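*Asks:* protein_30.cif is reproduced below (mmCIF, C-alpha atoms, pLDDT in the B column; chains and numbers go by the auth columns).
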```cif
data_final
loop_
_atom_site.group_PDB
_atom_site.id
_atom_site.type_symbol
_atom_site.label_atom_id
_atom_site.label_comp_id
_atom_site.label_asym_id
_atom_site.label_seq_id
_atom_site.Cartn_x
_atom_site.Cartn_y
_atom_site.Cartn_z
_atom_site.B_iso_or_equiv
_atom_site.auth_seq_id
_atom_site.auth_asym_id
ATOM 1 C CA MET A 1 84.114 5.831 -38.952 65.00 254 A
ATOM 2 C CA HIS A 2 83.395 7.480 -35.602 81.00 255 A
ATOM 3 C CA SER A 3 83.518 11.243 -35.433 93.00 256 A
ATOM 4 C CA LEU A 4 86.027 12.962 -33.160 96.00 257 A
ATOM 5 C CA ARG A 5 83.087 14.033 -31.009 96.00 258 A
ATOM 6 C CA THR A 6 81.910 10.445 -30.481 96.00 259 A
ATOM 7 C CA LEU A 7 85.434 9.143 -29.824 97.00 260 A
ATOM 8 C CA PHE A 8 86.084 11.946 -27.339 98.00 261 A
ATOM 9 C CA LEU A 9 82.847 11.408 -25.412 97.00 262 A
ATOM 10 C CA ASN A 10 83.521 7.650 -25.348 96.00 263 A
ATOM 11 C CA ARG A 11 87.026 8.262 -24.006 96.00 264 A
ATOM 12 C CA ILE A 12 85.803 10.404 -21.097 97.00 265 A
ATOM 13 C CA GLY A 13 82.742 8.260 -20.377 97.00 266 A
ATOM 14 C CA VAL A 14 79.980 10.607 -21.498 97.00 267 A
ATOM 15 C CA PRO A 15 76.989 9.273 -23.500 96.00 268 A
ATOM 16 C CA GLU A 16 77.266 10.006 -27.235 93.00 269 A
ATOM 17 C CA ASN A 17 73.870 11.675 -27.312 92.00 270 A
ATOM 18 C CA GLU A 18 74.903 14.203 -24.642 92.00 271 A
ATOM 19 C CA ASN A 19 74.354 17.737 -25.862 93.00 272 A
ATOM 20 C CA VAL A 20 77.607 19.631 -25.246 96.00 273 A
ATOM 21 C CA THR A 21 76.733 23.221 -24.293 97.00 274 A
ATOM 22 C CA PHE A 22 78.496 26.063 -22.505 98.00 275 A
ATOM 23 C CA GLU A 23 76.410 25.236 -19.431 97.00 276 A
ATOM 24 C CA ASN A 24 77.704 21.684 -19.096 96.00 277 A
ATOM 25 C CA LEU A 25 81.291 22.323 -20.156 97.00 278 A
ATOM 26 C CA ASP A 26 82.415 22.091 -16.515 97.00 279 A
ATOM 27 C CA ILE A 27 81.221 18.454 -16.386 97.00 280 A
ATOM 28 C CA ILE A 28 83.039 17.683 -19.649 98.00 281 A
ATOM 29 C CA LEU A 29 86.197 19.421 -18.368 98.00 282 A
ATOM 30 C CA GLU A 30 86.156 17.497 -15.083 97.00 283 A
ATOM 31 C CA LYS A 31 85.691 14.156 -16.821 97.00 284 A
ATOM 32 C CA THR A 32 88.470 15.024 -19.275 98.00 285 A
ATOM 33 C CA ALA A 33 90.839 15.947 -16.431 98.00 286 A
ATOM 34 C CA ARG A 34 90.149 12.672 -14.626 97.00 287 A
ATOM 35 C CA THR A 35 90.477 10.503 -17.715 97.00 288 A
ATOM 36 C CA ILE A 36 93.183 11.878 -19.979 98.00 289 A
ATOM 37 C CA PRO A 37 96.628 12.146 -18.352 98.00 290 A
ATOM 38 C CA PHE A 38 99.027 15.031 -18.794 98.00 291 A
ATOM 39 C CA GLU A 39 102.166 13.136 -19.819 98.00 292 A
ATOM 40 C CA ASN A 40 105.396 13.300 -21.803 97.00 293 A
ATOM 41 C CA LEU A 41 106.105 9.628 -22.560 97.00 294 A
ATOM 42 C CA CYS A 42 106.309 10.047 -26.334 96.00 295 A
ATOM 43 C CA ILE A 43 108.884 12.829 -25.782 97.00 296 A
ATOM 44 C CA MET A 44 110.909 10.608 -23.428 96.00 297 A
ATOM 45 C CA GLU A 45 110.652 7.589 -25.714 94.00 298 A
ATOM 46 C CA ASN A 46 111.492 9.708 -28.766 93.00 299 A
ATOM 47 C CA ARG A 47 108.393 8.668 -30.694 94.00 300 A
ATOM 48 C CA THR A 48 106.760 12.016 -31.366 96.00 301 A
ATOM 49 C CA THR A 49 104.767 12.469 -34.546 96.00 302 A
ATOM 50 C CA ASP A 50 103.576 15.588 -36.343 97.00 303 A
ATOM 51 C CA ILE A 51 100.726 17.321 -34.543 97.00 304 A
ATOM 52 C CA THR A 52 97.791 16.789 -36.892 97.00 305 A
ATOM 53 C CA PRO A 53 94.113 16.153 -36.103 96.00 306 A
ATOM 54 C CA GLY A 54 94.501 12.556 -37.327 97.00 307 A
ATOM 55 C CA ASN A 55 97.583 11.852 -35.207 97.00 308 A
ATOM 56 C CA LEU A 56 95.990 13.412 -32.120 97.00 309 A
ATOM 57 C CA ILE A 57 92.835 11.316 -32.530 97.00 310 A
ATOM 58 C CA ASP A 58 94.990 8.243 -32.955 96.00 311 A
ATOM 59 C CA LYS A 59 97.159 8.949 -29.925 97.00 312 A
ATOM 60 C CA ILE A 60 94.668 10.289 -27.381 97.00 313 A
ATOM 61 C CA LEU A 61 91.322 8.832 -28.440 96.00 314 A
ATOM 62 C CA LYS A 62 92.295 5.489 -29.980 95.00 315 A
ATOM 63 C CA ARG A 63 95.479 4.476 -28.143 95.00 316 A
ATOM 64 C CA ASN A 64 94.245 6.031 -24.864 95.00 317 A
ATOM 65 C CA GLU A 65 97.417 7.987 -24.265 97.00 318 A
ATOM 66 C CA GLY A 66 97.550 11.519 -22.874 98.00 319 A
ATOM 67 C CA GLY A 67 99.819 14.352 -23.924 98.00 320 A
ATOM 68 C CA LEU A 68 101.176 17.796 -23.133 98.00 321 A
ATOM 69 C CA CYS A 69 99.350 21.135 -23.443 98.00 322 A
ATOM 70 C CA TYR A 70 99.800 21.474 -27.208 98.00 323 A
ATOM 71 C CA GLU A 71 98.202 18.037 -27.682 98.00 324 A
ATOM 72 C CA LEU A 72 95.534 18.053 -24.965 98.00 325 A
ATOM 73 C CA ASN A 73 94.279 21.552 -25.712 98.00 326 A
ATOM 74 C CA ALA A 74 94.521 20.958 -29.469 98.00 327 A
ATOM 75 C CA ILE A 75 92.265 17.905 -29.295 98.00 328 A
ATOM 76 C CA PHE A 76 89.856 19.689 -26.941 98.00 329 A
ATOM 77 C CA TYR A 77 89.820 22.643 -29.340 98.00 330 A
ATOM 78 C CA LEU A 78 88.840 20.304 -32.197 98.00 331 A
ATOM 79 C CA PHE A 79 86.145 18.803 -29.945 98.00 332 A
ATOM 80 C CA LEU A 80 84.779 22.284 -29.147 98.00 333 A
ATOM 81 C CA ILE A 81 84.721 23.268 -32.824 97.00 334 A
ATOM 82 C CA GLU A 82 82.873 20.068 -33.687 96.00 335 A
ATOM 83 C CA ASN A 83 80.286 20.958 -31.024 97.00 336 A
ATOM 84 C CA GLY A 84 79.705 24.375 -32.562 97.00 337 A
ATOM 85 C CA PHE A 85 81.799 26.544 -30.231 98.00 338 A
ATOM 86 C CA ASN A 86 83.624 29.658 -31.369 98.00 339 A
ATOM 87 C CA ALA A 87 87.135 28.641 -30.259 98.00 340 A
ATOM 88 C CA ASN A 88 90.766 29.512 -30.938 98.00 341 A
ATOM 89 C CA LEU A 89 94.119 28.254 -29.716 98.00 342 A
ATOM 90 C CA VAL A 90 96.570 30.825 -28.338 98.00 343 A
ATOM 91 C CA ARG A 91 100.100 30.554 -27.021 97.00 344 A
ATOM 92 C CA GLY A 92 101.276 31.491 -23.562 97.00 345 A
ATOM 93 C CA ILE A 93 104.343 31.411 -21.348 98.00 346 A
ATOM 94 C CA ILE A 94 104.425 29.569 -18.025 97.00 347 A
ATOM 95 C CA PHE A 95 105.484 31.317 -14.814 97.00 348 A
ATOM 96 C CA ASP A 96 107.200 29.271 -12.115 93.00 349 A
ATOM 97 C CA PRO A 97 106.096 30.580 -8.698 87.00 350 A
ATOM 98 C CA THR A 98 108.902 28.700 -6.892 88.00 351 A
ATOM 99 C CA THR A 99 111.731 30.300 -8.848 92.00 352 A
ATOM 100 C CA GLN A 100 109.686 33.441 -9.674 94.00 353 A
ATOM 101 C CA GLN A 101 110.789 33.092 -13.285 96.00 354 A
ATOM 102 C CA TRP A 102 109.209 32.897 -16.702 97.00 355 A
ATOM 103 C CA SER A 103 109.836 29.684 -18.624 96.00 356 A
ATOM 104 C CA GLN A 104 113.102 29.644 -20.572 95.00 357 A
ATOM 105 C CA THR A 105 111.315 27.813 -23.392 96.00 358 A
ATOM 106 C CA GLY A 106 109.262 30.920 -24.208 96.00 359 A
ATOM 107 C CA ARG A 107 105.685 30.776 -25.475 96.00 360 A
ATOM 108 C CA THR A 108 105.302 27.015 -25.388 97.00 361 A
ATOM 109 C CA HIS A 109 102.056 26.848 -23.436 98.00 362 A
ATOM 110 C CA VAL A 110 99.054 26.368 -25.680 98.00 363 A
ATOM 111 C CA THR A 111 95.587 27.138 -24.338 98.00 364 A
ATOM 112 C CA ILE A 112 92.068 27.730 -25.704 98.00 365 A
ATOM 113 C CA ILE A 113 89.944 30.869 -25.823 98.00 366 A
ATOM 114 C CA ILE A 114 86.239 30.612 -26.552 98.00 367 A
ATOM 115 C CA MET A 115 83.718 33.347 -27.207 98.00 368 A
ATOM 116 C CA HIS A 116 80.313 32.901 -25.599 98.00 369 A
ATOM 117 C CA HIS A 117 77.637 35.626 -25.508 96.00 370 A
ATOM 118 C CA HIS A 118 80.219 38.331 -26.407 96.00 371 A
ATOM 119 C CA GLN A 119 82.422 37.255 -23.506 98.00 372 A
ATOM 120 C CA GLN A 120 85.807 35.545 -23.842 98.00 373 A
ATOM 121 C CA TYR A 121 86.860 32.611 -21.646 98.00 374 A
ATOM 122 C CA VAL A 122 89.990 30.536 -21.269 98.00 375 A
ATOM 123 C CA ILE A 123 89.545 26.785 -21.339 98.00 376 A
ATOM 124 C CA ASP A 124 92.610 24.770 -20.376 98.00 377 A
ATOM 125 C CA THR A 125 92.853 20.984 -20.298 98.00 378 A
ATOM 126 C CA GLY A 126 96.650 20.930 -20.568 98.00 379 A
ATOM 127 C CA PHE A 127 98.028 22.606 -17.456 97.00 380 A
ATOM 128 C CA GLY A 128 98.985 19.526 -15.429 95.00 381 A
ATOM 129 C CA GLY A 129 97.549 19.575 -11.925 94.00 382 A
ATOM 130 C CA ASN A 130 96.550 23.254 -12.214 96.00 383 A
ATOM 131 C CA LEU A 131 93.386 22.802 -14.252 97.00 384 A
ATOM 132 C CA PRO A 132 90.567 25.310 -13.650 98.00 385 A
ATOM 133 C CA LEU A 133 87.959 22.660 -14.650 98.00 386 A
ATOM 134 C CA LYS A 134 85.661 25.482 -15.779 98.00 387 A
ATOM 135 C CA PRO A 135 85.751 28.248 -18.389 98.00 388 A
ATOM 136 C CA VAL A 136 87.592 31.231 -16.829 98.00 389 A
ATOM 137 C CA PRO A 137 86.299 34.609 -18.062 98.00 390 A
ATOM 138 C CA LEU A 138 88.775 37.229 -19.259 98.00 391 A
ATOM 139 C CA ASN A 139 86.859 39.921 -17.308 97.00 392 A
ATOM 140 C CA GLY A 140 88.546 39.136 -13.965 97.00 393 A
ATOM 141 C CA ASP A 141 85.690 37.248 -12.292 98.00 394 A
ATOM 142 C CA ILE A 142 86.862 34.503 -9.926 98.00 395 A
ATOM 143 C CA VAL A 143 85.883 30.969 -10.897 98.00 396 A
ATOM 144 C CA LYS A 144 85.734 28.263 -8.211 98.00 397 A
ATOM 145 C CA SER A 145 85.980 24.548 -8.948 97.00 398 A
ATOM 146 C CA GLY A 146 86.935 21.347 -7.169 95.00 399 A
ATOM 147 C CA ASN A 147 90.569 22.169 -7.955 96.00 400 A
ATOM 148 C CA GLY A 148 90.651 25.687 -6.495 97.00 401 A
ATOM 149 C CA GLU A 149 90.049 29.270 -7.561 98.00 402 A
ATOM 150 C CA PHE A 150 91.097 30.872 -10.828 98.00 403 A
ATOM 151 C CA ARG A 151 90.980 34.337 -12.329 98.00 404 A
ATOM 152 C CA ILE A 152 92.399 36.207 -15.286 98.00 405 A
ATOM 153 C CA GLU A 153 93.769 39.725 -15.139 98.00 406 A
ATOM 154 C CA LYS A 154 94.198 42.146 -18.029 98.00 407 A
ATOM 155 C CA VAL A 155 97.802 43.367 -18.078 97.00 408 A
ATOM 156 C CA ASN A 156 100.225 45.267 -20.190 94.00 409 A
ATOM 157 C CA SER A 157 103.257 43.004 -20.314 96.00 410 A
ATOM 158 C CA GLU A 158 105.874 41.853 -22.780 95.00 411 A
ATOM 159 C CA TYR A 159 104.632 38.286 -22.118 96.00 412 A
ATOM 160 C CA GLY A 160 101.032 38.863 -23.153 96.00 413 A
ATOM 161 C CA ASN A 161 97.920 40.948 -22.463 97.00 414 A
ATOM 162 C CA TYR A 162 96.479 38.607 -19.798 98.00 415 A
ATOM 163 C CA PHE A 163 97.752 36.728 -16.737 98.00 416 A
ATOM 164 C CA LEU A 164 96.038 33.623 -15.347 98.00 417 A
ATOM 165 C CA TYR A 165 96.174 33.363 -11.547 98.00 418 A
ATOM 166 C CA MET A 166 95.342 30.341 -9.424 98.00 419 A
ATOM 167 C CA LYS A 167 94.806 29.395 -5.807 97.00 420 A
ATOM 168 C CA LEU A 168 94.852 25.595 -5.719 95.00 421 A
ATOM 169 C CA LYS A 169 92.713 23.729 -3.212 94.00 422 A
ATOM 170 C CA HIS A 170 94.610 22.278 -0.193 91.00 423 A
ATOM 171 C CA LYS A 171 97.778 23.822 -1.635 91.00 424 A
ATOM 172 C CA ASP A 172 97.881 27.606 -1.990 92.00 425 A
ATOM 173 C CA ASP A 173 97.013 30.273 0.574 93.00 426 A
ATOM 174 C CA GLU A 174 97.877 33.092 -1.810 95.00 427 A
ATOM 175 C CA TRP A 175 97.113 33.733 -5.470 97.00 428 A
ATOM 176 C CA LYS A 176 99.883 32.453 -7.728 97.00 429 A
ATOM 177 C CA LEU A 177 100.629 33.481 -11.286 98.00 430 A
ATOM 178 C CA GLY A 178 100.232 30.501 -13.618 98.00 431 A
ATOM 179 C CA TYR A 179 100.960 31.874 -17.081 98.00 432 A
ATOM 180 C CA ALA A 180 100.663 34.828 -19.415 98.00 433 A
ATOM 181 C CA PHE A 181 99.016 34.660 -22.829 98.00 434 A
ATOM 182 C CA ASP A 182 98.240 36.979 -25.704 96.00 435 A
ATOM 183 C CA SER A 183 94.577 36.816 -26.705 97.00 436 A
ATOM 184 C CA THR A 184 95.329 38.546 -30.007 94.00 437 A
ATOM 185 C CA LYS A 185 97.956 36.038 -31.187 92.00 438 A
ATOM 186 C CA VAL A 186 95.865 33.147 -32.382 96.00 439 A
ATOM 187 C CA VAL A 187 97.566 29.917 -33.458 97.00 440 A
ATOM 188 C CA ALA A 188 97.148 30.072 -37.225 93.00 441 A
ATOM 189 C CA ASN A 189 97.580 26.368 -37.988 94.00 442 A
ATOM 190 C CA PHE A 190 98.789 23.082 -36.569 95.00 443 A
ATOM 191 C CA ALA A 191 102.265 23.641 -38.028 94.00 444 A
ATOM 192 C CA GLU A 192 102.753 26.127 -35.203 97.00 445 A
ATOM 193 C CA LEU A 193 102.050 23.361 -32.689 98.00 446 A
ATOM 194 C CA ASN A 194 104.852 21.340 -34.279 97.00 447 A
ATOM 195 C CA GLU A 195 107.208 24.248 -33.551 97.00 448 A
ATOM 196 C CA VAL A 196 106.099 24.132 -29.913 97.00 449 A
ATOM 197 C CA GLN A 197 106.661 20.380 -29.791 98.00 450 A
ATOM 198 C CA LYS A 198 110.138 20.786 -31.283 97.00 451 A
ATOM 199 C CA VAL A 199 111.118 23.279 -28.550 97.00 452 A
ATOM 200 C CA ILE A 200 109.725 21.014 -25.788 97.00 453 A
ATOM 201 C CA LEU A 201 111.589 18.068 -27.294 97.00 454 A
ATOM 202 C CA GLU A 202 114.958 19.768 -27.853 97.00 455 A
ATOM 203 C CA HIS A 203 115.317 22.819 -25.606 97.00 456 A
ATOM 204 C CA PRO A 204 117.932 22.342 -22.832 96.00 457 A
ATOM 205 C CA GLU A 205 115.645 24.172 -20.365 94.00 458 A
ATOM 206 C CA SER A 206 112.526 22.178 -21.279 95.00 459 A
ATOM 207 C CA ALA A 207 110.889 20.656 -18.193 92.00 460 A
ATOM 208 C CA PHE A 208 109.531 17.782 -20.258 97.00 461 A
ATOM 209 C CA ASN A 209 112.577 16.203 -21.913 97.00 462 A
ATOM 210 C CA LYS A 210 114.418 15.199 -18.710 97.00 463 A
ATOM 211 C CA ARG A 211 112.357 12.442 -17.095 96.00 464 A
ATOM 212 C CA PRO A 212 108.951 10.787 -17.463 97.00 465 A
ATOM 213 C CA LEU A 213 106.026 12.634 -15.940 97.00 466 A
ATOM 214 C CA VAL A 214 102.434 11.431 -15.850 98.00 467 A
ATOM 215 C CA THR A 215 99.775 13.256 -13.871 98.00 468 A
ATOM 216 C CA LYS A 216 96.002 13.196 -13.668 97.00 469 A
ATOM 217 C CA LEU A 217 93.355 14.744 -11.463 96.00 470 A
ATOM 218 C CA THR A 218 91.254 12.424 -9.297 95.00 471 A
ATOM 219 C CA GLU A 219 87.976 12.859 -7.407 92.00 472 A
ATOM 220 C CA ARG A 220 89.819 14.127 -4.337 92.00 473 A
ATOM 221 C CA GLY A 221 93.165 15.397 -5.575 94.00 474 A
ATOM 222 C CA ASN A 222 95.703 14.184 -8.088 96.00 475 A
ATOM 223 C CA MET A 223 98.337 11.572 -8.901 97.00 476 A
ATOM 224 C CA ILE A 224 101.857 12.213 -10.134 97.00 477 A
ATOM 225 C CA LEU A 225 104.106 9.504 -11.530 97.00 478 A
ATOM 226 C CA THR A 226 107.801 9.879 -12.409 97.00 479 A
ATOM 227 C CA ASP A 227 110.423 7.225 -13.142 96.00 480 A
ATOM 228 C CA THR A 228 111.324 7.063 -9.434 97.00 481 A
ATOM 229 C CA SER A 229 108.180 7.933 -7.473 98.00 482 A
ATOM 230 C CA PHE A 230 104.395 7.797 -7.329 98.00 483 A
ATOM 231 C CA THR A 231 102.712 10.626 -5.426 98.00 484 A
ATOM 232 C CA GLU A 232 99.053 10.675 -4.540 97.00 485 A
ATOM 233 C CA ARG A 233 97.352 13.726 -3.117 96.00 486 A
ATOM 234 C CA ILE A 234 94.017 12.995 -1.409 95.00 487 A
ATOM 235 C CA ASP A 235 92.125 15.845 0.296 93.00 488 A
ATOM 236 C CA GLY A 236 95.420 17.667 0.773 90.00 489 A
ATOM 237 C CA ASN A 237 97.290 14.690 2.255 95.00 490 A
ATOM 238 C CA VAL A 238 100.345 13.671 0.262 96.00 491 A
ATOM 239 C CA GLN A 239 101.544 10.088 0.002 97.00 492 A
ATOM 240 C CA LYS A 240 104.776 9.473 -1.869 98.00 493 A
ATOM 241 C CA THR A 241 106.145 6.035 -2.760 97.00 494 A
ATOM 242 C CA GLU A 242 109.541 5.260 -4.280 98.00 495 A
ATOM 243 C CA ILE A 243 109.154 2.966 -7.298 97.00 496 A
ATOM 244 C CA ASP A 244 111.196 1.000 -9.848 96.00 497 A
ATOM 245 C CA SER A 245 110.654 0.493 -13.577 94.00 498 A
ATOM 246 C CA THR A 246 108.383 -2.541 -13.082 95.00 499 A
ATOM 247 C CA MET A 247 106.152 -0.569 -10.723 96.00 500 A
ATOM 248 C CA PHE A 248 106.236 2.346 -13.156 96.00 501 A
ATOM 249 C CA ARG A 249 104.814 0.184 -15.956 95.00 502 A
ATOM 250 C CA ARG A 250 102.203 -1.332 -13.652 96.00 503 A
ATOM 251 C CA LEU A 251 101.037 2.083 -12.396 96.00 504 A
ATOM 252 C CA ILE A 252 100.901 3.460 -15.942 95.00 505 A
ATOM 253 C CA ARG A 253 98.507 0.653 -16.771 95.00 506 A
ATOM 254 C CA ASP A 254 96.478 0.325 -13.568 95.00 507 A
ATOM 255 C CA ARG A 255 96.191 3.926 -12.369 95.00 508 A
ATOM 256 C CA PHE A 256 96.446 5.890 -15.613 95.00 509 A
ATOM 257 C CA GLY A 257 94.853 3.434 -18.042 92.00 510 A
ATOM 258 C CA MET A 258 97.770 3.547 -20.473 90.00 511 A
ATOM 259 C CA GLU A 259 99.982 0.892 -21.985 77.00 512 A
ATOM 260 C CA SER A 260 103.654 1.585 -21.439 60.00 513 A
ATOM 261 C CA GLY A 261 106.014 0.887 -24.315 51.00 514 A
#
```
Take the structure in this file and express it as structure tokens.

*Replies:*
Amino acid sequence: MHSLRTLFLNRIGVPENENVTFENLDIILEKTARTIPFENLCIMENRTTDITPGNLIDKILKRNEGGLCYELNAIFYLFLIENGFNANLVRGIIFDPTTQQWSQTGRTHVTIIIMHHHQQYVIDTGFGGNLPLKPVPLNGDIVKSGNGEFRIEKVNSEYGNYFLYMKLKHKDDEWKLGYAFDSTKVVANFAELNEVQKVILEHPESAFNKRPLVTKLTERGNMILTDTSFTERIDGNVQKTEIDSTMFRRLIRDRFGMESG
């Protein structure tokens, strides 16, 4: 019986004997972002299961699927715990810079906070194409990665006590607000993640119960697949192709390494 740690490292292509430390978390985060897709296929195909450690291992590490924030960050949280990190899951609310509005689904973003040398950091592997790829400190310092720049600001807001801002590479000229979270409201147990999943599955304003979405970071950008198009962003250049259902299944397999139902 392989441990979660071994299965996770195998999935992202890191040797099992690799020592996972704070110092090499950025490598682990990059490999995770380029291997495990952010996707909603089980929502669209109505085959969700309870969010439990066993089900997450089965889905993401054994069946090579991806997931949404409450799955991707939950499995990464378990991985961090198994590697001796002091980690917690917290809930946040997404801000949409285009509409300048907070998500109608409420606090359905799930992210991770770790404590390292008396300093808190956000680690997020479930924010679609907006991944920081590094731990982002809660003290306001700017973190730069291959995906852009990220910082967290302490605020006094009804949405939480911190805002995460981002300036994505080849995409943003200005800082954009990504989400708010409350560092004091720790997810008590996985049952809470099932509540989040239920909202994402059923809420009329949920962005993830309308059409298939699969996205993953690549060496030089990202890929986004929907039921009608495949978009590839390479060094800031965007290529969009209209597709049909046969192409969809082929791309799921060939570009995202998943079997489509």

*Asks:* Do you have the atom CA of Thr437 of chain A-atom CA of Phe291 of chain A distance handy?

*Replies:*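 That distance, rounded to one decimal, is 26.3 Å.
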
*Asks:* For each of A:Gly359, A:Pro388, A:Gly401, A:Pro350, take the minimum atom-to-atom distance to Leu278 of chain A, counting all atoms listed in the file, then give the residue where this is smallest.

*Replies:*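 Of A:Gly359, A:Pro388, A:Gly401, A:Pro350, the one nearest Leu278 of chain A, counting all atoms listed in the file, is A:Pro388.
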
*Asks:* Pick out the residues sitting within 12 Å of segment 264-269 of chain A, and hand them over as an MDAnalysis selection string; count all atoms listed in the file, and ignore anything fewer than 4 positions along from it in its own chain.

*Replies:* chainID A and resid 255:260 273 277:278 280:290 310:319 329 336 510

*Asks:* Tell me which protein, DNA and RNA residues are within 9 Å of Arg344 of chain A, counting all atoms listed in the file, leaving out same-chain ones fewer than 4 positions away, and put them as a VMD selection string.

*Replies:* chain A and resid 360 to 365 433 to 436 438 to 440

*Asks:* Just to confirm, what's the straight-line distance from atom CA of Phe501 of chain A to atom CA of Ile477 of chain A in Å (one decimal)?

*Replies:*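 Atom CA of Ile477 of chain A lies 11.2 Å from atom CA of Phe501 of chain A.
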
*Asks:* Could you pull the residues within 12 Å of His370 of chain A, counting all atoms listed in the file, minus those fewer than 3 positions along the same chain, as an mmCIF file with C-alpha atoms, keeping the file's coordinate frame?

*Replies:*
```cif
data_model
loop_
_atom_site.group_PDB
_atom_site.id
_atom_site.type_symbol
_atom_site.label_atom_id
_atom_site.label_comp_id
_atom_site.auth_asym_id
_atom_site.auth_seq_id
_atom_site.Cartn_x
_atom_site.Cartn_y
_atom_site.Cartn_z
ATOM 1 C CA PHE A 275 78.496 26.063 -22.505
ATOM 2 C CA PHE A 338 81.799 26.544 -30.231
ATOM 3 C CA ASN A 339 83.624 29.658 -31.369
ATOM 4 C CA ILE A 367 86.239 30.612 -26.552
ATOM 5 C CA GLN A 373 85.807 35.545 -23.842
ATOM 6 C CA TYR A 374 86.860 32.611 -21.646
ATOM 7 C CA PRO A 390 86.299 34.609 -18.062
#
```

*Asks:* Using all atoms listed in the file, which residue out of A:Arg502, A:Arg486, A:Lys451, A:His456 lies closest to Asp303 of chain A?

*Replies:*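 Distance minimum relative to Asp303 of chain A lands on A:Lys451.
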
*Asks:* Please write the residues picked by the PyMOL selection byres ((chain A and resi 466) around 9) on this file as a PyMOL selection string.

*Replies:* chain A and resi 291-294+461+464-465+467-468+477-480

*Asks:* Pull out every residue that the PyMOL selection byres ((chain A and resi 400) around 12) matches in the shown coordinates and put them as a PyMOL selection string.

*Replies:* chain A and resi 279+282-283+286-287+381-387+396-399+401-403+419-425+469-475+486-489

*Asks:* Could you please determine the separation between atom CA of Glu271 of chain A and atom CA of Gly320 of chain A in Å, to one decimal place?

*Replies:*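 According to the coordinates, atom CA of Glu271 of chain A and atom CA of Gly320 of chain A are separated by 24.9 Å.
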
*Asks:* So that I can check the surroundings of Leu391 of chain A, please list as a PyMOL selection string every protein, DNA and RNA residue that reaches within 10 Å of it, counting only C-alpha atoms and ignoring chain neighbours fewer than 4 positions away.

*Replies:* chain A and resi 366+372-375+395+404-407+415-417+436

*Asks:* Pick the closest to Thr305 of chain A from A:Gln450, A:Thr484, A:Asn490, A:Gln353: which is it, counting all atoms listed in the file?

*Replies:*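 With all atoms listed in the file as the atom set, the closest residue is A:Gln450.
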
*Asks:* I'd like to know which of A:Gly307, A:Thr378, A:Thr499, A:Asn263 is closest to Asn326 of chain A, using all atoms listed in the file.

*Replies:* A:Thr378

*Asks:* A:Ile347, A:Ile328, A:Ile304, A:Ala340: which is nearest Glu448 of chain A, counting only C-alpha atoms?

*Replies:*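 Looking at the shortest contact to Glu448 of chain A, the residue is A:Ile304.
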
*Asks:* Taking all atoms listed in the file into account, which of A:Asn341, A:Asn409, A:Thr358, A:Ser498 comes nearest Val449 of chain A?

*Replies:*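 Of the candidates, the smallest distance to Val449 of chain A is held by A:Thr358.
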
*Asks:* Give me the residues near Gly337 of chain A as a ChimeraX atom specification, where near means some atom within 9 Å (using only C-alpha atoms) and where sequence neighbours in that chain fewer than 4 positions away do not count.

*Replies:* /A:273-274,332-333

*Asks:* Please enumerate the residues selected by the PyMOL selection byres ((chain A and resi 458) around 12) when evaluated against the supplied file, formatted as a list of chain:residue names.

*Replies:*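 Taken over the shown coordinates, the PyMOL selection byres ((chain A and resi 458) around 12) returns A:Trp355, A:Ser356, A:Gln357, A:Thr358, A:Gly359, A:Thr361, A:Val452, A:Ile453, A:Leu454, A:Glu455, A:His456, A:Pro457, A:Ser459, A:Ala460, A:Phe461, A:Asn462, A:Lys463.
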